[in-house]
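**Q** Next up is a structure, given as structure tokens.
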Amino acid sequence: MSSDWSPGEVHETFTEWALAQGVIANKVRPARFPGRGLGMIATEPIKSGEFVVKVPASTILTMDKIPAEFRDQFPEDTRVQAIIAAYLTCGSEEELSPYKLWFKTWPTRQDFEDSMPLMWPRSLGGLSWPDGAATDESATPCTNFLPPSISGSWNSIEKGVPVKEYEADHQNLVEGQGQRLRKAWDDVVSAIPNIDWRSFSYHWLILNTRSFYWVAPDQEPPEDRNDAMALLPFADYFNHSDVECDVKFDEDGYTLSATDDYEVGDEVYMSYGSHSNDMLLAEYGFFMDKNTSDCIYLDDIIFRDFPSADKQETLWLNQYYGNYCVNAEGVCYRTEIAACLMYMNENDWTNHLEGSTEGVDEKKSEAIIQRWLKTYATEADVTMKALRRTIESDAVPQTDRAKAGNLLRRWEQIKSICKSASSALSL
Ligand SMILES: C[S@@+](CC[C@H](N)C(=O)[O-])C[C@H]1O[C@@H](n2cnc3c(N)ncnc32)[C@H](O)[C@@H]1O
């Protein structure tokens, strides 16, 4: 292995341990990849469909491995992520000691503080936490630097107010995460009052960024798929790409297979799901230069144009309420349908849902959608200007300027999505 791939001694020692536990690494090894930390490298050519890693059930860390007296001390609705994080934080040293070489391979808390918006300073859109880490400026930040899908806020507009509750895909992400982490913390503190916040939140983030979907062979999938969670030593080295995903598990363990051909020296990826870059940034602390699943949402902009409850009600009753998605190829059908409701009478609009074109005016629809896209592009311009000022300011700590630089890159992508969706619309 060439020295610049070399993962270092900690990872090599851990790999030996993992193989001794029955993990099978077929033609892959951990290696260092600039900008991505550790990942998996192909040590021989790999064909799509070949398995690359098997992790035996005996090595997987699941809820079933946690002693019942530890698991049962928490309120009934405590989430699996909270319980496993609490166990990693204050489980018995003896029980956790077999995993200690693995823990050393994980990122540090500082890595999370640098990469995960949830842990950023308030001035950059982070939240307030019990150790006061992100409360340095307790006032609400004057500019909202995070993309609206992450922060749920805008700089250049008052966002529209939805009158109905709905499940918004991949929107207002930091607040959602914040609520999950706060509830997790309240639940574990109620059972273990002296648990350490910094260590608990670190382990909660480890689970957020490194866990796999897992249901024990004798159990039904939980109501919320986030409760089907397990940590897989060694398999957690795989970085994400928008390749297809081929993972299987049964009572013997977990098998991860390649869905692409790889040459020696290539990085071998797994998919964490079809996630937009905003979702990847919020939940995993990174985003990609090229992401076929990237998109943004127009909900906050569109609901401004439907201030009255009756039209929102019409959208809701017809199941076209929210999740108005835009990608580089254009806007989704839901967005087109919402645009039609801006100028069509309700009768024509309802018939249009059944296929009628009576009352549809493509020029009008296009002008409305172009205006919505322009609103988002203007938000990008306003925010990028503020980010550039931050990056150039000596008064801002260097670490925050680096985060601002990263956000600037994300906003450039957002602007580019607006532009190409707008061009696709006028074709
Ligand atoms: C399951 S771990 C993968 C191993 C990790 N890179 C490490 O050094 O331990 C997931 C984390 O890896 C990083 N990551 C995964 N895919 C990435 C990618 N395509 N680009 C950059 N970072 C990535 C992110 O920090 C993410 O939270």
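All residue names refer to the structure tokens as shown: chains lettered A, B, ... in order, residues numbered from 1 in each chain, ligands numbered from 1 in order.
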Just want the residues within 9 Å of ligand 1, written as a PyMOL selection string, counting only C-alpha atoms and all ligand atoms.
**A** chain A and resi 32-40+105-107+111-112+115-116+205-206+208-212+235-242+269-272+280-281+283-289
**Q** Run DSSP on the backbone and tell me which residues of stretch 168-247 of chain A come out as helix (DSSP H, G or I); list them as number ranges by chain.
**A** A: 173-191, 197-210, 225-227, 235-237
**Q** Between atom CA of A:His170 and atom CA of A:Ala282, what distance in Å does the model show, to one decimal?
**A** 9.7 Å
**Q** Tell me which of A:Asp305, A:Glu167, A:Asp400, A:Asp310 sits closest to A:Met342, counting only C-alpha atoms.
**A**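 Nearest candidate to A:Met342 out of A:Asp305, A:Glu167, A:Asp400, A:Asp310: A:Asp305.
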**Q** For the atom pair atom CA of A:Ser257 and atom CA of A:Met279, what is the interatomic distance in Å to one decimal place?
**A**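 One can read the atom CA of A:Ser257 to atom CA of A:Met279 distance as 24.4 Å.
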**Q** Residues of stretch 270-387 of chain A classed as strand (DSSP E) by DSSP on the backbone are to be reported as a VMD selection string.
**A** chain A and resid 296 to 297 325 to 327 330 to 331
**Q** Take atom CA of A:Asn323 and atom CA of A:Ala82 and report the distance between them in Å, one decimal.
**A**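 Atom CA of A:Asn323 sits 28.9 Å away from atom CA of A:Ala82.
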**Q** Using only C-alpha atoms, find the one residue out of A:Arg79, A:Lys104, A:Lys419, A:Arg29 that sits nearest to A:Asn226.
**A**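 Residue with the minimum atom-to-atom distance to A:Asn226: A:Arg79.
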